[in-house]
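Notes follow once the structure below has been shown.
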Amino acid sequence: MAILIPSLGFARFDSRGELRLAERLKDFLEDNAVVWHNLPVGPLNRHPDFIVVHPVNGLLVLEVKD
């Protein structure tokens with residue numbers, strides 16, 4: 001089970017699809033994976049829906065379209 005920041009109880013999702021994906025990422029990724037939701041990135045403070053960091057597989061940035 002991955003670490004989700006913020007946790008499901010405290011995160012504010014813009015769509016039902018984001019919530020569903022967050023639940024799947026949390027349940028199906030390995031324990032050492034970290035998933036950030038709506039984290040500001042870069043000088044323009046863009047907010048991708050999810051950023052997944054895994055020590056072996058690397059970095060994945062996801063934008064949900066639901």
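Letters A, B, ... go to the chains of the structure tokens in the order shown; residues in each chain start at 1; ligands are counted from 1 in the same order.
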### Query
Could you pull the residues within 7 Å of stretch 26-35 of chain A, counting only C-alpha atoms, minus those fewer than 3 positions along the same chain, as a PyMOL selection string?
chain A and resi 1-5+22-23+50-54
Generate the output file for the selected residues, N, CA and C atoms, as a tab-separated table (two decimals), in the first residue's frame.
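What landed in result.tsv:
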chain	number	residue	atom	x	y	z
A	1	MET	N	0.84	-1.17	0.00
A	1	MET	CA	0.00	0.00	0.00
A	1	MET	C	0.89	1.24	0.00
A	2	ALA	N	0.72	2.08	-0.98
A	2	ALA	CA	1.53	3.29	-1.14
A	2	ALA	C	1.15	4.34	-0.11
A	3	ILE	N	2.04	5.29	0.09
A	3	ILE	CA	1.78	6.43	0.97
A	3	ILE	C	1.16	7.53	0.13
A	4	LEU	N	-0.01	8.01	0.53
A	4	LEU	CA	-0.70	9.07	-0.20
A	4	LEU	C	-0.64	10.35	0.63
A	5	ILE	N	-0.15	11.42	0.02
A	5	ILE	CA	-0.02	12.71	0.70
A	5	ILE	C	-0.81	13.75	-0.09
A	22	ALA	N	-6.85	7.76	-6.95
A	22	ALA	CA	-6.11	7.83	-5.69
A	22	ALA	C	-6.28	6.54	-4.89
A	23	GLU	N	-7.50	6.03	-4.85
A	23	GLU	CA	-7.75	4.77	-4.14
A	23	GLU	C	-6.98	3.62	-4.78
A	50	PHE	N	-1.52	14.04	-9.83
A	50	PHE	CA	-0.75	13.09	-9.02
A	50	PHE	C	0.71	13.08	-9.45
A	51	ILE	N	1.59	12.97	-8.47
A	51	ILE	CA	3.01	12.74	-8.71
A	51	ILE	C	3.36	11.48	-7.93
A	52	VAL	N	3.83	10.47	-8.64
A	52	VAL	CA	4.19	9.19	-8.03
A	52	VAL	C	5.70	9.05	-8.06
A	53	VAL	N	6.29	8.76	-6.90
A	53	VAL	CA	7.73	8.54	-6.81
A	53	VAL	C	7.95	7.14	-6.27
A	54	HIS	N	8.74	6.35	-7.01
A	54	HIS	CA	9.08	4.99	-6.61
A	54	HIS	C	10.60	4.87	-6.68
### Query
stretch 7-65 of chain A: which residues are strand (DSSP E) by DSSP, as a ChimeraX atom specification?
/A:34-37,50-54,58-62
Residues from the last selection, N, CA and C atoms, saved as a tab-separated table (two decimals), in the first residue's frame:
chain	number	residue	atom	x	y	z
A	34	VAL	N	5.49	6.66	-3.05
A	34	VAL	CA	4.87	7.84	-2.44
A	34	VAL	C	4.08	8.56	-3.54
A	35	VAL	N	2.84	8.92	-3.22
A	35	VAL	CA	1.95	9.58	-4.17
A	35	VAL	C	1.52	10.93	-3.58
A	36	TRP	N	1.82	12.01	-4.29
A	36	TRP	CA	1.37	13.33	-3.88
A	36	TRP	C	0.21	13.74	-4.76
A	37	HIS	N	-0.79	14.38	-4.15
A	37	HIS	CA	-1.95	14.88	-4.89
A	37	HIS	C	-1.96	16.39	-4.86
A	50	PHE	N	-1.52	14.04	-9.83
A	50	PHE	CA	-0.75	13.09	-9.02
A	50	PHE	C	0.71	13.08	-9.45
A	51	ILE	N	1.59	12.97	-8.47
A	51	ILE	CA	3.01	12.74	-8.71
A	51	ILE	C	3.36	11.48	-7.93
A	52	VAL	N	3.83	10.47	-8.64
A	52	VAL	CA	4.19	9.19	-8.03
A	52	VAL	C	5.70	9.05	-8.06
A	53	VAL	N	6.29	8.76	-6.90
A	53	VAL	CA	7.73	8.54	-6.81
A	53	VAL	C	7.95	7.14	-6.27
A	54	HIS	N	8.74	6.35	-7.01
A	54	HIS	CA	9.08	4.99	-6.61
A	54	HIS	C	10.60	4.87	-6.68
A	58	GLY	N	11.14	5.17	-10.53
A	58	GLY	CA	11.31	6.58	-10.83
A	58	GLY	C	10.08	7.43	-10.56
A	59	LEU	N	9.87	8.43	-11.43
A	59	LEU	CA	8.88	9.47	-11.24
A	59	LEU	C	7.81	9.39	-12.33
A	60	LEU	N	6.55	9.56	-11.93
A	60	LEU	CA	5.43	9.56	-12.87
A	60	LEU	C	4.50	10.71	-12.50
A	61	VAL	N	4.17	11.56	-13.46
A	61	VAL	CA	3.25	12.68	-13.25
A	61	VAL	C	1.98	12.38	-14.02
A	62	LEU	N	0.83	12.45	-13.33
A	62	LEU	CA	-0.45	12.10	-13.93
A	62	LEU	C	-1.43	13.26	-13.87
### Message
Between atom CA of A:Leu39 and atom CA of A:Val56, what distance in Å does the model show, to one decimal?
### Response
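Computed distance, atom CA of A:Leu39 to atom CA of A:Val56, equals 21.6 Å.
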#### Entry: Distance of atom CA of A:Ser15 from atom CA of A:Asn57, expressed in Å to one decimal place
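Separation of atom CA of A:Asn57 and atom CA of A:Ser15: 27.2 Å.
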### Task
Apply DSSP to the structure's backbone, then extract all residues of chain A labelled alpha helix (DSSP H) and return them as a ChimeraX atom specification.
/A:16-28
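Non-sequential neighbours of A:Asp66 (distance at most 9 Å, separation of 4 or more positions within a chain, only C-alpha atoms) are A:Ser15, A:Arg16, A:Gly17, A:Glu18.
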### Query
What separation in Å, quoted to one decimal, exists between atom CA of A:Arg12 and atom CA of A:Asn38?
8.8 Å
